[in-house]
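Visitor: Below is the file upload-v3.cif, which contains mmCIF, C-alpha atoms.
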data_model
#
loop_
_atom_site.label_atom_id
_atom_site.label_comp_id
_atom_site.auth_asym_id
_atom_site.auth_seq_id
_atom_site.Cartn_x
_atom_site.Cartn_y
_atom_site.Cartn_z
CA MET A 1 14.65 1.90 -18.99
CA ASP A 2 17.87 3.54 -17.75
CA ASP A 3 20.51 1.78 -15.66
CA ASP A 4 19.17 3.37 -12.47
CA GLY A 5 15.68 1.96 -13.07
CA THR A 6 14.00 5.17 -14.25
CA HIS A 7 12.07 5.30 -17.50
CA ALA A 8 14.02 6.74 -20.41
CA ALA A 9 11.20 9.22 -21.17
CA ILE A 10 11.55 10.81 -17.71
CA PRO A 11 14.40 13.34 -17.38
CA ARG A 12 16.91 12.07 -14.84
CA ALA A 13 16.61 15.14 -12.61
CA VAL A 14 12.82 14.88 -12.51
CA GLY A 15 13.04 11.20 -11.64
CA ARG A 16 15.41 11.92 -8.79
CA VAL A 17 13.15 14.63 -7.38
CA LEU A 18 10.18 12.27 -7.49
CA ASP A 19 12.22 9.48 -5.90
CA LEU A 20 13.19 11.72 -3.00
CA PHE A 21 9.62 12.95 -2.61
CA GLU A 22 8.38 9.37 -2.38
CA VAL A 23 11.04 8.53 0.20
CA VAL A 24 9.86 11.35 2.46
CA LEU A 25 6.20 10.40 1.98
CA ALA A 26 6.85 6.74 2.73
CA ALA A 27 8.96 7.44 5.80
CA GLY A 28 6.75 10.20 7.20
CA SER A 29 9.93 12.02 8.15
CA CYS A 30 13.61 11.45 7.42
CA ASN A 31 16.91 13.30 7.39
CA LEU A 32 19.09 14.18 4.43
CA THR A 33 21.50 11.28 4.93
CA THR A 34 18.70 8.70 4.89
CA ALA A 35 16.94 10.24 1.89
CA ALA A 36 20.12 10.48 -0.14
CA ALA A 37 21.24 6.94 0.68
CA THR A 38 17.82 5.49 -0.15
CA VAL A 39 17.84 6.84 -3.70
CA GLY A 40 21.59 6.48 -4.25
CA LEU A 41 22.49 10.17 -4.46
CA THR A 42 25.19 12.24 -2.82
CA PRO A 43 23.91 14.42 0.03
CA THR A 44 24.77 17.55 -1.95
CA THR A 45 22.68 16.48 -4.96
CA ALA A 46 19.84 15.21 -2.78
CA LEU A 47 19.73 18.46 -0.82
CA ARG A 48 19.40 20.49 -4.01
CA HIS A 49 16.38 18.46 -5.09
CA LEU A 50 14.84 18.45 -1.62
CA ARG A 51 15.15 22.22 -1.42
CA ALA A 52 13.16 22.52 -4.66
CA LEU A 53 10.38 20.44 -3.12
CA GLU A 54 10.60 22.48 0.07
CA GLN A 55 10.28 25.79 -1.77
CA ARG A 56 7.06 24.57 -3.41
CA GLY A 57 5.67 23.36 -0.08
CA TYR A 58 5.57 19.67 -0.98
CA ILE A 59 7.88 18.93 1.94
CA GLU A 60 9.10 20.95 4.89
CA ARG A 61 12.22 20.88 7.05
CA ASP A 62 12.39 21.47 10.79
CA GLY A 63 15.22 22.95 12.82
CA SER A 64 17.00 19.62 13.12
CA GLY A 65 17.06 19.16 9.34
CA THR A 66 14.37 16.48 9.26
CA PHE A 67 12.13 16.51 6.18
CA SER A 68 8.41 15.71 6.34
CA VAL A 69 5.22 16.28 4.34
CA GLY A 70 4.61 19.95 3.64
CA PRO A 71 1.50 22.14 3.45
CA THR A 72 1.10 21.96 -0.32
CA MET A 73 1.00 18.17 -0.26
CA LEU A 74 -1.43 18.16 2.67
CA ARG A 75 -3.72 20.55 0.77
CA LEU A 76 -3.62 18.45 -2.39
CA ALA A 77 -4.20 15.25 -0.42
CA SER A 78 -7.32 16.74 1.17
CA VAL A 79 -8.65 17.71 -2.27
CA VAL A 80 -8.06 14.23 -3.67
CA ARG A 81 -9.62 12.44 -0.68
CA ASP A 82 -12.65 14.69 -0.34
CA ASP A 83 -15.34 12.84 -2.29
CA GLY A 84 -12.66 11.54 -4.64
CA PRO A 85 -12.47 8.06 -6.18
CA LEU A 86 -10.27 6.64 -3.41
CA GLU A 87 -12.60 7.90 -0.70
CA GLY A 88 -15.54 6.38 -2.57
CA LEU A 89 -13.73 3.07 -2.92
CA ILE A 90 -12.92 2.98 0.80
CA ALA A 91 -16.53 3.75 1.70
CA THR A 92 -17.71 0.88 -0.50
CA VAL A 93 -15.17 -1.65 0.75
CA GLN A 94 -15.19 -0.78 4.48
CA PRO A 95 -18.34 -2.76 5.39
CA HIS A 96 -16.87 -5.80 3.65
CA LEU A 97 -13.63 -5.41 5.63
CA THR A 98 -15.63 -5.25 8.84
CA ALA A 99 -17.54 -8.41 7.93
CA LEU A 100 -14.31 -10.18 6.95
CA ALA A 101 -12.64 -9.27 10.24
CA THR A 102 -15.66 -10.54 12.16
CA THR A 103 -15.81 -13.81 10.23
CA THR A 104 -12.09 -14.63 10.36
CA GLY A 105 -11.15 -13.05 13.67
CA GLU A 106 -8.19 -11.38 11.94
CA SER A 107 -7.57 -7.83 10.75
CA ALA A 108 -8.68 -7.10 7.19
CA TYR A 109 -7.08 -4.51 4.92
CA LEU A 110 -7.72 -2.80 1.59
CA ALA A 111 -4.64 -2.05 -0.53
CA VAL A 112 -4.14 -0.08 -3.73
CA SER A 113 -1.15 -0.28 -6.07
CA ASP A 114 0.23 1.82 -8.90
CA GLY A 115 2.09 -1.18 -10.32
CA ARG A 116 5.35 -0.35 -8.50
CA VAL A 117 4.41 -0.54 -4.83
CA ALA A 118 1.19 -1.07 -2.88
CA THR A 119 -0.24 0.90 0.04
CA TYR A 120 -2.79 -0.18 2.63
CA VAL A 121 -5.49 2.49 2.80
CA ALA A 122 -8.28 1.03 4.96
CA THR A 123 -8.69 -1.59 7.67
CA ALA A 124 -11.06 -3.33 10.03
CA GLU A 125 -9.15 -4.51 13.08
CA SER A 126 -9.54 -7.90 14.69
CA GLU A 127 -11.25 -7.81 18.09
CA ARG A 128 -8.76 -10.27 19.57
CA ALA A 129 -6.33 -9.11 22.23
CA ILE A 130 -3.40 -10.22 20.08
CA ARG A 131 -4.01 -8.87 16.61
CA HIS A 132 -2.31 -7.18 13.72
CA VAL A 133 -2.60 -3.38 13.48
CA GLY A 134 -0.72 -0.43 12.12
CA TRP A 135 -0.44 -0.98 8.38
CA ILE A 136 -2.55 1.97 7.24
CA GLY A 137 -0.24 3.99 5.01
CA GLN A 138 2.28 1.13 4.94
CA GLN A 139 3.98 0.74 1.58
CA VAL A 140 4.52 -2.87 0.57
CA ALA A 141 6.84 -4.16 -2.12
CA LEU A 142 5.22 -6.25 -4.82
CA ASP A 143 8.06 -8.74 -5.14
CA GLY A 144 7.89 -11.65 -2.72
CA THR A 145 4.73 -10.59 -0.89
CA ALA A 146 1.25 -12.10 -0.81
CA LEU A 147 -0.18 -8.78 -1.91
CA GLY A 148 2.15 -8.46 -4.89
CA GLU A 149 1.55 -12.01 -6.11
CA ALA A 150 -2.20 -11.67 -5.66
CA LEU A 151 -2.24 -8.48 -7.74
CA ALA A 152 -0.22 -10.25 -10.44
CA ASN A 153 -2.61 -13.22 -10.43
CA PRO A 154 -6.23 -12.03 -10.12
CA GLY A 155 -8.54 -14.85 -9.11
CA ARG A 156 -6.02 -16.45 -6.75
CA SER A 157 -5.76 -16.14 -2.98
CA VAL A 158 -2.09 -15.98 -2.03
CA MET A 159 -0.61 -16.49 1.44
CA ARG A 160 2.86 -15.53 2.67
CA THR A 161 4.46 -15.51 6.13
CA GLY A 162 7.22 -13.15 7.20
CA ALA A 163 7.40 -11.29 3.88
CA VAL A 164 6.85 -7.88 5.49
CA GLU A 165 6.97 -8.57 9.25
CA PRO A 166 8.38 -11.62 11.07
CA ASP A 167 5.78 -14.14 12.28
CA ILE A 168 2.98 -12.31 10.50
CA THR A 169 0.93 -14.06 7.82
CA ALA A 170 -0.95 -12.28 5.06
CA MET A 171 -3.53 -13.76 2.73
CA SER A 172 -4.44 -11.53 -0.21
CA ARG A 173 -6.67 -11.57 -3.26
CA ALA A 174 -7.06 -8.93 -5.96
CA ILE A 175 -10.31 -7.28 -6.99
CA PRO A 176 -10.15 -7.44 -10.82
CA ILE A 177 -11.86 -4.23 -11.91
CA ASP A 178 -10.89 -1.57 -14.43
CA GLY A 179 -9.34 1.60 -13.04
CA PRO A 180 -6.10 3.52 -12.56
CA LEU A 181 -5.13 1.52 -9.46
CA ASP A 182 -4.84 -2.19 -8.77
CA ILE A 183 -6.87 -3.20 -5.71
CA ALA A 184 -6.68 -6.09 -3.27
CA VAL A 185 -8.03 -7.21 0.10
CA SER A 186 -5.85 -8.92 2.69
CA ILE A 187 -6.37 -10.88 5.90
CA ILE A 188 -3.40 -10.36 8.23
CA GLY A 189 -2.59 -11.91 11.59
CA PRO A 190 -0.14 -13.90 13.70
CA GLU A 191 1.38 -16.89 11.93
CA HIS A 192 0.27 -19.41 14.55
CA ARG A 193 -3.41 -18.72 13.83
CA PHE A 194 -3.11 -19.62 10.14
CA THR A 195 -3.26 -23.37 10.50
CA GLU A 196 -4.42 -25.43 7.55
CA PRO A 197 -8.08 -25.61 8.68
CA GLN A 198 -8.09 -21.89 9.44
CA ARG A 199 -6.40 -21.12 6.14
CA ILE A 200 -9.16 -22.93 4.27
CA GLU A 201 -11.87 -21.02 6.15
CA HIS A 202 -10.07 -17.70 5.70
CA GLU A 203 -9.72 -18.31 1.98
CA ARG A 204 -13.41 -19.09 1.64
CA ALA A 205 -14.35 -15.93 3.53
CA LEU A 206 -11.96 -13.85 1.42
CA ASP A 207 -13.32 -15.34 -1.81
CA ARG A 208 -16.88 -14.47 -0.80
CA VAL A 209 -15.93 -10.88 -0.06
CA ILE A 210 -14.04 -10.47 -3.32
CA GLU A 211 -16.88 -11.91 -5.41
CA SER A 212 -19.32 -9.58 -3.67
CA LEU A 213 -17.09 -6.58 -4.32
CA ILE A 214 -16.65 -7.55 -7.97
CA ARG A 215 -20.42 -7.46 -8.41
CA GLN A 216 -20.76 -4.23 -6.48
CA LEU A 217 -17.91 -2.44 -8.25
CA GLY A 218 -18.84 -3.68 -11.70
CA GLY A 219 -15.86 -5.90 -12.40
CA GLU A 220 -15.63 -9.27 -14.04
CA PRO A 221 -14.79 -12.44 -12.09
CA ALA A 222 -11.20 -13.52 -12.76
CA VAL A 223 -10.37 -17.17 -13.13
CA ALA A 224 -6.92 -18.27 -12.01
CA SER A 225 -4.84 -19.94 -14.68
#
Kindly present the structure from the file in structure tokens form.
Guide:
Amino acid sequence: MDDDGTHAAIPRAVGRVLDLFEVVLAAGSCNLTTAAATVGLTPTTALRHLRALEQRGYIERDGSGTFSVGPTMLRLASVVRDDGPLEGLIATVQPHLTALATTTGESAYLAVSDGRVATYVATAESERAIRHVGWIGQQVALDGTALGEALANPGRSVMRTGAVEPDITAMSRAIPIDGPLDIAVSIIGPEHRFTEPQRIEHERALDRVIESLIRQLGGEPAVAS
């Protein structure tokens, strides 16, 4: 591992291009100053790499200089999602998310992780007037979050408050199955509704869903150490 956190086997320039690409994808849109500062590059160096991505259509730049996802990336994303493994996973998990949201009264989410960050890719929203929404596509750090700790400890339900948003509590548990991505389900809602009795009931509901998904997806039950 190099000093800047990139793997030694990855050429530095390639790593910087990928870092900038991920910044644009995560933000949805951002300017040169933000992209450069996020990855620790000078604007001149960052612009050179961003232009390479722009020329290949992975990102595009509008008249104000704001970068966003480009046509090449949109095309590739549609190919991957259309009957791909992620789309199949979402279709399998969605009914369980809906049942979990109904049982707990809180929004339920499916997240996938590549081992560096996690992204929420599916949800079933709570029917309550005050509820948590808006995390589809949200990238979540693994350090210090319920999702990250749950992925690191399959078989355990982990709860954290305020790790990603103030006054929001997340309870997560991983689905321990083989595959290229780590997978977890989360229950997310306002902190004041996660009292001890509710926490116990939420954990039981989450455990039932995870065990059902393990059987359905062909995984093996994981026992917490």
Visitor: Running the PyMOL selection byres ((chain A and resi 161) around 12) on this model by hand, what would come out? Give it as a list in words.
Guide: Gly144, Thr145, Ala146, Leu147, Val158, Met159, Arg160, Gly162, Ala163, Val164, Glu165, Pro166, Asp167, Ile168, Thr169, Ala170, Met171, Ser172, Ile187, Ile188, Gly189, Pro190, Glu191, His192, Arg193, Phe194 and Thr195 of chain A
Visitor: For A:Asp143, work out the shell of residues within 10 Å, counting all atoms listed in the file and skipping chain neighbours fewer than 5 positions away, then give it as a PyMOL selection string.
Guide: chain A and resi 116-117+148-149+152+163
Visitor: May I have the residues within 10 Å of A:Arg208 as a VMD selection string, using only C-alpha atoms and disregarding those fewer than 6 positions away in the same chain?
Guide: chain A and resid 96 100 202 214
Visitor: Between A:Leu47, A:Leu206, A:Ala184, A:Ala101, which has the minimum distance to A:Leu89 (counting only C-alpha atoms)?
Guide: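 Among the listed residues, A:Ala184 lies closest to A:Leu89.
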Visitor: Please report the interatomic distance between atom CA of A:Leu181 and atom CA of A:Gln138 in Å with one decimal.
Guide: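 These two atoms are separated by 16.2 Å.
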Visitor: Can you give me, as an mmCIF file with C-alpha atoms, keeping the file's coordinate frame, the residues this file yields under the PyMOL selection byres ((chain A and resi 14-23) around 10)?
Guide:
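Done, and the output landed in result-v5.cif:
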data_model
loop_
_atom_site.group_PDB
_atom_site.id
_atom_site.type_symbol
_atom_site.label_atom_id
_atom_site.label_comp_id
_atom_site.auth_asym_id
_atom_site.auth_seq_id
_atom_site.Cartn_x
_atom_site.Cartn_y
_atom_site.Cartn_z
ATOM 1 C CA ASP A 4 19.170 3.370 -12.470
ATOM 2 C CA GLY A 5 15.680 1.960 -13.070
ATOM 3 C CA THR A 6 14.000 5.170 -14.250
ATOM 4 C CA HIS A 7 12.070 5.300 -17.500
ATOM 5 C CA ALA A 8 14.020 6.740 -20.410
ATOM 6 C CA ALA A 9 11.200 9.220 -21.170
ATOM 7 C CA ILE A 10 11.550 10.810 -17.710
ATOM 8 C CA PRO A 11 14.400 13.340 -17.380
ATOM 9 C CA ARG A 12 16.910 12.070 -14.840
ATOM 10 C CA ALA A 13 16.610 15.140 -12.610
ATOM 11 C CA VAL A 24 9.860 11.350 2.460
ATOM 12 C CA LEU A 25 6.200 10.400 1.980
ATOM 13 C CA ALA A 26 6.850 6.740 2.730
ATOM 14 C CA ALA A 27 8.960 7.440 5.800
ATOM 15 C CA GLY A 28 6.750 10.200 7.200
ATOM 16 C CA SER A 29 9.930 12.020 8.150
ATOM 17 C CA CYS A 30 13.610 11.450 7.420
ATOM 18 C CA LEU A 32 19.090 14.180 4.430
ATOM 19 C CA THR A 34 18.700 8.700 4.890
ATOM 20 C CA ALA A 35 16.940 10.240 1.890
ATOM 21 C CA ALA A 36 20.120 10.480 -0.140
ATOM 22 C CA THR A 38 17.820 5.490 -0.150
ATOM 23 C CA VAL A 39 17.840 6.840 -3.700
ATOM 24 C CA GLY A 40 21.590 6.480 -4.250
ATOM 25 C CA LEU A 41 22.490 10.170 -4.460
ATOM 26 C CA THR A 45 22.680 16.480 -4.960
ATOM 27 C CA ALA A 46 19.840 15.210 -2.780
ATOM 28 C CA LEU A 47 19.730 18.460 -0.820
ATOM 29 C CA ARG A 48 19.400 20.490 -4.010
ATOM 30 C CA HIS A 49 16.380 18.460 -5.090
ATOM 31 C CA LEU A 50 14.840 18.450 -1.620
ATOM 32 C CA ARG A 51 15.150 22.220 -1.420
ATOM 33 C CA ALA A 52 13.160 22.520 -4.660
ATOM 34 C CA LEU A 53 10.380 20.440 -3.120
ATOM 35 C CA GLU A 54 10.600 22.480 0.070
ATOM 36 C CA TYR A 58 5.570 19.670 -0.980
ATOM 37 C CA ILE A 59 7.880 18.930 1.940
ATOM 38 C CA PHE A 67 12.130 16.510 6.180
ATOM 39 C CA SER A 68 8.410 15.710 6.340
ATOM 40 C CA VAL A 69 5.220 16.280 4.340
#
Visitor: Measure the distance from atom CA of A:Arg61 to atom CA of A:Trp135 in Å and round it to one decimal.
Guide: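 Calculated distance between atom CA of A:Arg61 and atom CA of A:Trp135 is 25.3 Å.
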Visitor: Determine the nearest neighbour of A:Thr104 from the options A:Ser126, A:Thr33, A:Ser157, A:Gln139, counting only C-alpha atoms.
Guide: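 Counting only C-alpha atoms, the residue closest to A:Thr104 is A:Ser126.
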Visitor: Can I get stretch 51-80 of chain A with N, CA and C atoms filled in, as a PDB file, keeping the file's coordinate frame?
Guide:
ATOM      1  N   ARG A  51      15.438  20.794  -1.586  1.00  0.00           N
ATOM      2  CA  ARG A  51      15.150  22.220  -1.420  1.00  0.00           C
ATOM      3  C   ARG A  51      14.115  22.698  -2.433  1.00  0.00           C
ATOM      4  N   ALA A  52      14.161  22.153  -3.651  1.00  0.00           N
ATOM      5  CA  ALA A  52      13.160  22.520  -4.660  1.00  0.00           C
ATOM      6  C   ALA A  52      11.762  22.107  -4.191  1.00  0.00           C
ATOM      7  N   LEU A  53      11.660  20.912  -3.647  1.00  0.00           N
ATOM      8  CA  LEU A  53      10.380  20.440  -3.120  1.00  0.00           C
ATOM      9  C   LEU A  53       9.934  21.280  -1.929  1.00  0.00           C
ATOM     10  N   GLU A  54      10.914  21.667  -1.110  1.00  0.00           N
ATOM     11  CA  GLU A  54      10.600  22.480   0.070  1.00  0.00           C
ATOM     12  C   GLU A  54      10.084  23.861  -0.334  1.00  0.00           C
ATOM     13  N   GLN A  55      10.693  24.457  -1.327  1.00  0.00           N
ATOM     14  CA  GLN A  55      10.280  25.790  -1.770  1.00  0.00           C
ATOM     15  C   GLN A  55       8.852  25.787  -2.302  1.00  0.00           C
ATOM     16  N   ARG A  56       8.423  24.671  -2.907  1.00  0.00           N
ATOM     17  CA  ARG A  56       7.060  24.570  -3.410  1.00  0.00           C
ATOM     18  C   ARG A  56       6.072  24.078  -2.366  1.00  0.00           C
ATOM     19  N   GLY A  57       6.558  23.763  -1.167  1.00  0.00           N
ATOM     20  CA  GLY A  57       5.670  23.360  -0.080  1.00  0.00           C
ATOM     21  C   GLY A  57       5.286  21.901  -0.076  1.00  0.00           C
ATOM     22  N   TYR A  58       5.900  21.093  -0.956  1.00  0.00           N
ATOM     23  CA  TYR A  58       5.570  19.670  -0.980  1.00  0.00           C
ATOM     24  C   TYR A  58       6.169  18.947   0.222  1.00  0.00           C
ATOM     25  N   ILE A  59       7.309  19.437   0.702  1.00  0.00           N
ATOM     26  CA  ILE A  59       7.880  18.930   1.940  1.00  0.00           C
ATOM     27  C   ILE A  59       8.293  20.133   2.773  1.00  0.00           C
ATOM     28  N   GLU A  60       8.586  19.894   4.045  1.00  0.00           N
ATOM     29  CA  GLU A  60       9.100  20.950   4.890  1.00  0.00           C
ATOM     30  C   GLU A  60      10.224  20.387   5.756  1.00  0.00           C
ATOM     31  N   ARG A  61      11.053  21.285   6.274  1.00  0.00           N
ATOM     32  CA  ARG A  61      12.220  20.880   7.050  1.00  0.00           C
ATOM     33  C   ARG A  61      12.195  21.597   8.391  1.00  0.00           C
ATOM     34  N   ASP A  62      12.385  20.838   9.479  1.00  0.00           N
ATOM     35  CA  ASP A  62      12.390  21.470  10.790  1.00  0.00           C
ATOM     36  C   ASP A  62      13.796  21.907  11.173  1.00  0.00           C
ATOM     37  N   GLY A  63      13.945  22.413  12.391  1.00  0.00           N
ATOM     38  CA  GLY A  63      15.220  22.950  12.820  1.00  0.00           C
ATOM     39  C   GLY A  63      16.338  21.940  12.908  1.00  0.00           C
ATOM     40  N   SER A  64      15.980  20.662  13.039  1.00  0.00           N
ATOM     41  CA  SER A  64      17.000  19.620  13.120  1.00  0.00           C
ATOM     42  C   SER A  64      17.411  19.094  11.742  1.00  0.00           C
ATOM     43  N   GLY A  65      16.739  19.607  10.696  1.00  0.00           N
ATOM     44  CA  GLY A  65      17.060  19.160   9.340  1.00  0.00           C
ATOM     45  C   GLY A  65      16.247  17.968   8.877  1.00  0.00           C
ATOM     46  N   THR A  66      15.223  17.612   9.632  1.00  0.00           N
ATOM     47  CA  THR A  66      14.370  16.480   9.260  1.00  0.00           C
ATOM     48  C   THR A  66      13.286  16.940   8.281  1.00  0.00           C
ATOM     49  N   PHE A  67      13.138  16.187   7.193  1.00  0.00           N
ATOM     50  CA  PHE A  67      12.130  16.510   6.180  1.00  0.00           C
ATOM     51  C   PHE A  67      10.847  15.725   6.447  1.00  0.00           C
ATOM     52  N   SER A  68       9.710  16.365   6.197  1.00  0.00           N
ATOM     53  CA  SER A  68       8.410  15.710   6.340  1.00  0.00           C
ATOM     54  C   SER A  68       7.441  16.321   5.333  1.00  0.00           C
ATOM     55  N   VAL A  69       6.225  15.802   5.302  1.00  0.00           N
ATOM     56  CA  VAL A  69       5.220  16.280   4.340  1.00  0.00           C
ATOM     57  C   VAL A  69       4.910  17.748   4.592  1.00  0.00           C
ATOM     58  N   GLY A  70       4.838  18.515   3.522  1.00  0.00           N
ATOM     59  CA  GLY A  70       4.610  19.950   3.640  1.00  0.00           C
ATOM     60  C   GLY A  70       3.176  20.356   3.392  1.00  0.00           C
ATOM     61  N   PRO A  71       2.881  21.647   3.545  1.00  0.00           N
ATOM     62  CA  PRO A  71       1.500  22.140   3.450  1.00  0.00           C
ATOM     63  C   PRO A  71       0.873  21.977   2.075  1.00  0.00           C
ATOM     64  N   THR A  72       1.662  22.120   1.030  1.00  0.00           N
ATOM     65  CA  THR A  72       1.100  21.960  -0.320  1.00  0.00           C
ATOM     66  C   THR A  72       0.605  20.534  -0.525  1.00  0.00           C
ATOM     67  N   MET A  73       1.402  19.563  -0.109  1.00  0.00           N
ATOM     68  CA  MET A  73       1.000  18.170  -0.260  1.00  0.00           C
ATOM     69  C   MET A  73      -0.218  17.859   0.591  1.00  0.00           C
ATOM     70  N   LEU A  74      -0.274  18.388   1.797  1.00  0.00           N
ATOM     71  CA  LEU A  74      -1.430  18.160   2.670  1.00  0.00           C
ATOM     72  C   LEU A  74      -2.701  18.749   2.042  1.00  0.00           C
ATOM     73  N   ARG A  75      -2.563  19.932   1.430  1.00  0.00           N
ATOM     74  CA  ARG A  75      -3.720  20.550   0.770  1.00  0.00           C
ATOM     75  C   ARG A  75      -4.194  19.697  -0.403  1.00  0.00           C
ATOM     76  N   LEU A  76      -3.258  19.255  -1.226  1.00  0.00           N
ATOM     77  CA  LEU A  76      -3.620  18.450  -2.390  1.00  0.00           C
ATOM     78  C   LEU A  76      -4.226  17.113  -1.959  1.00  0.00           C
ATOM     79  N   ALA A  77      -3.676  16.530  -0.909  1.00  0.00           N
ATOM     80  CA  ALA A  77      -4.200  15.250  -0.420  1.00  0.00           C
ATOM     81  C   ALA A  77      -5.642  15.407   0.042  1.00  0.00           C
ATOM     82  N   SER A  78      -5.942  16.533   0.699  1.00  0.00           N
ATOM     83  CA  SER A  78      -7.320  16.740   1.170  1.00  0.00           C
ATOM     84  C   SER A  78      -8.274  16.903   0.007  1.00  0.00           C
ATOM     85  N   VAL A  79      -7.814  17.540  -1.077  1.00  0.00           N
ATOM     86  CA  VAL A  79      -8.650  17.710  -2.270  1.00  0.00           C
ATOM     87  C   VAL A  79      -8.940  16.361  -2.911  1.00  0.00           C
ATOM     88  N   VAL A  80      -7.906  15.529  -3.025  1.00  0.00           N
ATOM     89  CA  VAL A  80      -8.060  14.230  -3.670  1.00  0.00           C
ATOM     90  C   VAL A  80      -8.982  13.319  -2.859  1.00  0.00           C
TER      91      VAL A  80
END
